[in-house]
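Here is the structure we will look at, set down as structure tokens.
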Amino acid sequence: MSSALNDNQVPKNLINIITFNVTATQTIDGGIIPWVNIGKANEEILNLIDADEVVIAAHEITISVDYPLAKPTSFHLFSSIGFSRKLLLIEIREKFLEFSKSEVESFDVYGLDLVALDVYQTNSGKIELTLDIDV
């Protein structure tokens with residue numbers, strides 16, 4: 001086995017699933033919506049349940065994105081205090097807005113709902129997240 005494996009090829013262990021629940025504001029009973037719309041994330045953050053809870057204590061993470069991109073990609077985030085749902089949602093929204101404006105990609109960011117983030121730890125101890133997106 002080669003020691004030249006990149007991070008995406010290192011075996012990973014699922015260590016957590018982060019969910020995004022929003023209090024419904026346009027319903028009579030004020031129910032819970034179990035996802036957040038990526039395009040409307042700035043508005044939905046106001047009703048995000050446990051928005052400020054630090055859900056990842058690590059200071060550096062990698063977020064891997066495949067859907068709806070034509071070519072899968074990943075990006076790194078850094079935080080001195082870890083990552084809350086709110087911070088993760090803000091960063092993911094910004095990246096998706098960038099992706100949707102590129103000449104290569106063709107999707108409507110307002111048509112994407114983020115249901116959850118799967119949190120993996122590689123054998124080398126790095127944290128990698130994948131997105132569970134519904135259309």
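Note on naming: chains are A, B, ... as they come in the structure tokens, residues start from 1 per chain, ligands start from 1 in the order shown.
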Using DSSP on the backbone coordinates, identify the residues of segment 87-132 of chain A assigned to alpha helix (DSSP H); present them as a PyMOL selection string.
-> chain A and resi 87-101
Could you please take those selected residues and save all heavy atoms as a compact mmCIF listing (two decimals), in the first residue's frame?
```
# COMPACT_ATOMS: atom_id res chain seq x y z
N LEU A 87 -22.36 28.68 12.04
CA LEU A 87 -21.12 28.94 11.29
C LEU A 87 -21.01 28.00 10.08
O LEU A 87 -20.68 28.44 8.98
CB LEU A 87 -19.90 28.80 12.19
CG LEU A 87 -18.54 29.01 11.52
CD1 LEU A 87 -18.45 30.39 10.87
CD2 LEU A 87 -17.43 28.82 12.54
N LEU A 88 -21.30 26.73 10.29
CA LEU A 88 -21.24 25.78 9.18
C LEU A 88 -22.22 26.17 8.07
O LEU A 88 -21.87 26.16 6.89
CB LEU A 88 -21.55 24.36 9.68
CG LEU A 88 -20.47 23.71 10.53
CD1 LEU A 88 -21.02 22.47 11.23
CD2 LEU A 88 -19.26 23.36 9.69
N LEU A 89 -23.42 26.54 8.46
CA LEU A 89 -24.44 26.91 7.47
C LEU A 89 -24.03 28.16 6.70
O LEU A 89 -24.18 28.21 5.47
CB LEU A 89 -25.78 27.11 8.17
CG LEU A 89 -26.99 27.28 7.29
CD1 LEU A 89 -27.12 26.14 6.29
CD2 LEU A 89 -28.24 27.40 8.14
N ILE A 90 -23.50 29.14 7.37
CA ILE A 90 -23.05 30.38 6.70
C ILE A 90 -21.95 30.07 5.69
O ILE A 90 -21.99 30.52 4.54
CB ILE A 90 -22.57 31.41 7.74
CG1 ILE A 90 -23.76 31.96 8.53
CG2 ILE A 90 -21.79 32.55 7.06
CD1 ILE A 90 -23.37 32.77 9.75
N GLU A 91 -20.97 29.28 6.10
CA GLU A 91 -19.84 28.95 5.21
C GLU A 91 -20.30 28.11 4.02
O GLU A 91 -19.86 28.33 2.89
CB GLU A 91 -18.74 28.23 5.99
CG GLU A 91 -18.08 29.07 7.06
CD GLU A 91 -17.25 30.21 6.50
OE1 GLU A 91 -16.88 30.20 5.31
OE2 GLU A 91 -16.96 31.14 7.29
N ILE A 92 -21.17 27.14 4.26
CA ILE A 92 -21.67 26.29 3.18
C ILE A 92 -22.48 27.13 2.20
O ILE A 92 -22.32 27.01 0.98
CB ILE A 92 -22.49 25.11 3.74
CG1 ILE A 92 -21.56 24.13 4.46
CG2 ILE A 92 -23.30 24.42 2.65
CD1 ILE A 92 -22.26 23.09 5.30
N ARG A 93 -23.32 28.00 2.70
CA ARG A 93 -24.11 28.88 1.82
C ARG A 93 -23.20 29.72 0.93
O ARG A 93 -23.43 29.83 -0.28
CB ARG A 93 -25.02 29.78 2.64
CG ARG A 93 -25.80 30.76 1.79
CD ARG A 93 -26.65 31.70 2.65
NE ARG A 93 -27.37 32.62 1.81
CZ ARG A 93 -26.91 33.81 1.44
NH1 ARG A 93 -25.72 34.22 1.83
NH2 ARG A 93 -27.64 34.60 0.69
N GLU A 94 -22.18 30.33 1.52
CA GLU A 94 -21.27 31.18 0.74
C GLU A 94 -20.59 30.38 -0.38
O GLU A 94 -20.48 30.85 -1.51
CB GLU A 94 -20.22 31.83 1.65
CG GLU A 94 -20.79 32.89 2.56
CD GLU A 94 -21.50 34.01 1.81
OE1 GLU A 94 -20.95 34.52 0.81
OE2 GLU A 94 -22.63 34.36 2.22
N LYS A 95 -20.14 29.18 -0.06
CA LYS A 95 -19.49 28.34 -1.08
C LYS A 95 -20.46 27.96 -2.18
O LYS A 95 -20.12 27.99 -3.36
CB LYS A 95 -18.88 27.08 -0.45
CG LYS A 95 -17.57 27.32 0.24
CD LYS A 95 -16.51 27.73 -0.77
CE LYS A 95 -15.18 27.88 -0.09
NZ LYS A 95 -14.14 28.34 -1.00
N PHE A 96 -21.69 27.61 -1.81
CA PHE A 96 -22.67 27.22 -2.82
C PHE A 96 -23.05 28.40 -3.71
O PHE A 96 -23.32 28.23 -4.90
CB PHE A 96 -23.89 26.56 -2.19
CG PHE A 96 -23.75 25.08 -2.08
CD1 PHE A 96 -23.02 24.51 -1.04
CD2 PHE A 96 -24.33 24.23 -3.01
CE1 PHE A 96 -22.87 23.14 -0.94
CE2 PHE A 96 -24.18 22.85 -2.92
CZ PHE A 96 -23.44 22.31 -1.88
N LEU A 97 -23.09 29.59 -3.14
CA LEU A 97 -23.35 30.77 -3.97
C LEU A 97 -22.22 30.97 -4.97
O LEU A 97 -22.47 31.29 -6.14
CB LEU A 97 -23.53 32.02 -3.10
CG LEU A 97 -24.85 32.08 -2.31
CD1 LEU A 97 -24.84 33.27 -1.35
CD2 LEU A 97 -26.04 32.15 -3.25
N GLU A 98 -20.98 30.77 -4.52
CA GLU A 98 -19.83 30.84 -5.44
C GLU A 98 -19.94 29.79 -6.53
O GLU A 98 -19.76 30.09 -7.71
CB GLU A 98 -18.51 30.62 -4.68
CG GLU A 98 -18.05 31.76 -3.85
CD GLU A 98 -16.76 31.41 -3.09
OE1 GLU A 98 -15.95 30.59 -3.60
OE2 GLU A 98 -16.59 31.92 -1.97
N PHE A 99 -20.23 28.55 -6.13
CA PHE A 99 -20.35 27.46 -7.10
C PHE A 99 -21.42 27.77 -8.14
O PHE A 99 -21.23 27.55 -9.33
CB PHE A 99 -20.70 26.13 -6.42
CG PHE A 99 -19.65 25.58 -5.49
CD1 PHE A 99 -20.03 24.80 -4.40
CD2 PHE A 99 -18.30 25.82 -5.67
CE1 PHE A 99 -19.08 24.27 -3.53
CE2 PHE A 99 -17.34 25.30 -4.81
CZ PHE A 99 -17.74 24.52 -3.74
N SER A 100 -22.57 28.27 -7.68
CA SER A 100 -23.70 28.49 -8.60
C SER A 100 -23.44 29.62 -9.59
O SER A 100 -24.09 29.69 -10.62
CB SER A 100 -24.99 28.78 -7.81
OG SER A 100 -24.93 30.04 -7.19
N LYS A 101 -22.49 30.49 -9.28
CA LYS A 101 -22.17 31.61 -10.18
C LYS A 101 -21.05 31.27 -11.16
O LYS A 101 -20.75 32.05 -12.04
CB LYS A 101 -21.78 32.84 -9.36
CG LYS A 101 -22.94 33.40 -8.58
CD LYS A 101 -22.51 34.55 -7.71
CE LYS A 101 -23.70 35.03 -6.87
NZ LYS A 101 -23.28 36.02 -5.89
```
From the DSSP assignment of the backbone, select every residue of chain A that is strand (DSSP E), and format the answer as a PyMOL selection string.
-> chain A and resi 12-19+22-23+32-33+36-37+54-56+60-65+73-78+83-84+113-122+127-134
Those residues with N, CA and C atoms, as a short mmCIF file (atom, residue, chain, number, x, y, z; two decimals), in the first residue's frame please?
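This went into result-v5.cif:
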```cif
data_model
loop_
_atom_site.label_atom_id
_atom_site.label_comp_id
_atom_site.auth_asym_id
_atom_site.auth_seq_id
_atom_site.Cartn_x
_atom_site.Cartn_y
_atom_site.Cartn_z
N LYS A 12 -12.30 6.17 6.38
CA LYS A 12 -12.96 7.12 7.28
C LYS A 12 -13.96 6.39 8.16
N ASN A 13 -14.15 6.94 9.35
CA ASN A 13 -15.13 6.41 10.29
C ASN A 13 -16.17 7.49 10.56
N LEU A 14 -17.46 7.14 10.39
CA LEU A 14 -18.53 8.07 10.70
C LEU A 14 -18.56 8.27 12.21
N ILE A 15 -18.42 9.53 12.65
CA ILE A 15 -18.40 9.79 14.09
C ILE A 15 -19.59 10.61 14.56
N ASN A 16 -20.31 11.26 13.62
CA ASN A 16 -21.44 12.08 14.02
C ASN A 16 -22.28 12.43 12.79
N ILE A 17 -23.54 12.74 13.04
CA ILE A 17 -24.42 13.28 12.00
C ILE A 17 -25.03 14.55 12.59
N ILE A 18 -24.79 15.66 11.92
CA ILE A 18 -25.30 16.95 12.38
C ILE A 18 -26.57 17.26 11.60
N THR A 19 -27.65 17.50 12.32
CA THR A 19 -28.92 17.82 11.67
C THR A 19 -29.22 19.31 11.78
N VAL A 22 -35.37 23.61 11.79
CA VAL A 22 -35.80 25.00 11.78
C VAL A 22 -37.24 25.08 12.28
N THR A 23 -37.52 26.05 13.14
CA THR A 23 -38.88 26.27 13.59
C THR A 23 -39.67 26.90 12.45
N ILE A 32 -41.69 21.84 13.30
CA ILE A 32 -40.26 21.77 13.04
C ILE A 32 -40.03 21.27 11.61
N ILE A 33 -39.19 21.96 10.88
CA ILE A 33 -38.79 21.54 9.54
C ILE A 33 -37.41 20.91 9.68
N VAL A 36 -32.75 22.80 6.13
CA VAL A 36 -32.61 24.23 5.92
C VAL A 36 -32.30 24.46 4.45
N ASN A 37 -32.95 25.45 3.85
CA ASN A 37 -32.70 25.77 2.46
C ASN A 37 -31.37 26.52 2.36
N VAL A 54 -21.83 24.35 19.55
CA VAL A 54 -20.63 23.89 18.87
C VAL A 54 -20.78 22.39 18.64
N VAL A 55 -20.88 22.01 17.36
CA VAL A 55 -21.14 20.62 17.01
C VAL A 55 -19.88 19.90 16.54
N ILE A 56 -18.82 20.67 16.26
CA ILE A 56 -17.52 20.10 15.90
C ILE A 56 -16.46 20.88 16.67
N GLU A 60 -9.99 22.61 12.41
CA GLU A 60 -9.84 22.54 10.96
C GLU A 60 -10.65 21.37 10.44
N ILE A 61 -11.47 21.64 9.41
CA ILE A 61 -12.27 20.60 8.80
C ILE A 61 -12.21 20.73 7.28
N THR A 62 -12.58 19.64 6.62
CA THR A 62 -12.70 19.63 5.17
C THR A 62 -14.15 19.27 4.84
N ILE A 63 -14.74 20.03 3.94
CA ILE A 63 -16.10 19.73 3.49
C ILE A 63 -16.02 19.26 2.05
N SER A 64 -16.50 18.05 1.80
CA SER A 64 -16.50 17.48 0.45
C SER A 64 -17.89 17.65 -0.16
N VAL A 65 -17.91 18.13 -1.39
CA VAL A 65 -19.17 18.39 -2.07
C VAL A 65 -19.17 17.65 -3.40
N THR A 73 -15.73 18.45 -5.43
CA THR A 73 -14.66 19.28 -4.90
C THR A 73 -14.70 19.26 -3.38
N SER A 74 -13.73 19.87 -2.77
CA SER A 74 -13.73 20.00 -1.31
C SER A 74 -13.10 21.35 -0.95
N PHE A 75 -13.40 21.81 0.24
CA PHE A 75 -12.81 23.05 0.73
C PHE A 75 -12.56 22.92 2.23
N HIS A 76 -11.61 23.71 2.71
CA HIS A 76 -11.20 23.66 4.11
C HIS A 76 -11.76 24.85 4.86
N LEU A 77 -12.12 24.62 6.12
CA LEU A 77 -12.56 25.70 7.00
C LEU A 77 -11.73 25.65 8.27
N PHE A 78 -11.49 26.83 8.84
CA PHE A 78 -10.71 26.96 10.07
C PHE A 78 -11.50 27.79 11.07
N PHE A 83 -16.86 24.63 15.47
CA PHE A 83 -17.88 24.98 14.50
C PHE A 83 -19.28 24.77 15.06
N SER A 84 -20.09 25.81 15.00
CA SER A 84 -21.50 25.72 15.38
C SER A 84 -22.32 25.44 14.12
N ASP A 113 -31.90 21.82 -0.34
CA ASP A 113 -32.14 21.77 1.10
C ASP A 113 -31.07 20.92 1.76
N LEU A 114 -30.44 21.46 2.78
CA LEU A 114 -29.43 20.74 3.55
C LEU A 114 -30.12 20.03 4.70
N VAL A 115 -30.09 18.71 4.66
CA VAL A 115 -30.76 17.88 5.67
C VAL A 115 -29.81 17.59 6.83
N ALA A 116 -28.57 17.24 6.50
CA ALA A 116 -27.62 16.86 7.54
C ALA A 116 -26.19 16.92 7.00
N LEU A 117 -25.26 16.88 7.92
CA LEU A 117 -23.84 16.75 7.59
C LEU A 117 -23.33 15.47 8.23
N ASP A 118 -22.71 14.62 7.44
CA ASP A 118 -22.09 13.42 7.97
C ASP A 118 -20.65 13.76 8.32
N VAL A 119 -20.27 13.51 9.56
CA VAL A 119 -18.93 13.86 10.04
C VAL A 119 -18.09 12.59 10.14
N TYR A 120 -16.99 12.59 9.41
CA TYR A 120 -16.07 11.45 9.39
C TYR A 120 -14.74 11.86 9.97
N GLN A 121 -14.07 10.89 10.58
CA GLN A 121 -12.69 11.09 11.02
C GLN A 121 -11.83 10.08 10.28
N THR A 122 -10.79 10.59 9.63
CA THR A 122 -9.89 9.70 8.90
C THR A 122 -8.96 9.01 9.90
N ILE A 127 -10.83 15.65 10.17
CA ILE A 127 -12.29 15.66 10.14
C ILE A 127 -12.75 16.06 8.74
N GLU A 128 -13.63 15.23 8.16
CA GLU A 128 -14.18 15.50 6.84
C GLU A 128 -15.69 15.39 6.90
N LEU A 129 -16.38 16.35 6.30
CA LEU A 129 -17.82 16.38 6.28
C LEU A 129 -18.34 16.15 4.87
N THR A 130 -19.44 15.43 4.76
CA THR A 130 -20.15 15.31 3.49
C THR A 130 -21.56 15.83 3.72
N LEU A 131 -22.18 16.34 2.68
CA LEU A 131 -23.48 16.97 2.78
C LEU A 131 -24.58 16.03 2.34
N ASP A 132 -25.67 16.02 3.10
CA ASP A 132 -26.87 15.29 2.72
C ASP A 132 -27.85 16.34 2.20
N ILE A 133 -27.98 16.40 0.87
CA ILE A 133 -28.78 17.45 0.22
C ILE A 133 -29.98 16.83 -0.47
N ASP A 134 -31.13 17.47 -0.27
CA ASP A 134 -32.35 17.11 -0.99
C ASP A 134 -32.69 18.24 -1.96
#
```
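Counting from atom CA of Lys86 of chain A, the distance to atom CA of Ala70 of chain A is 26.9 Å.
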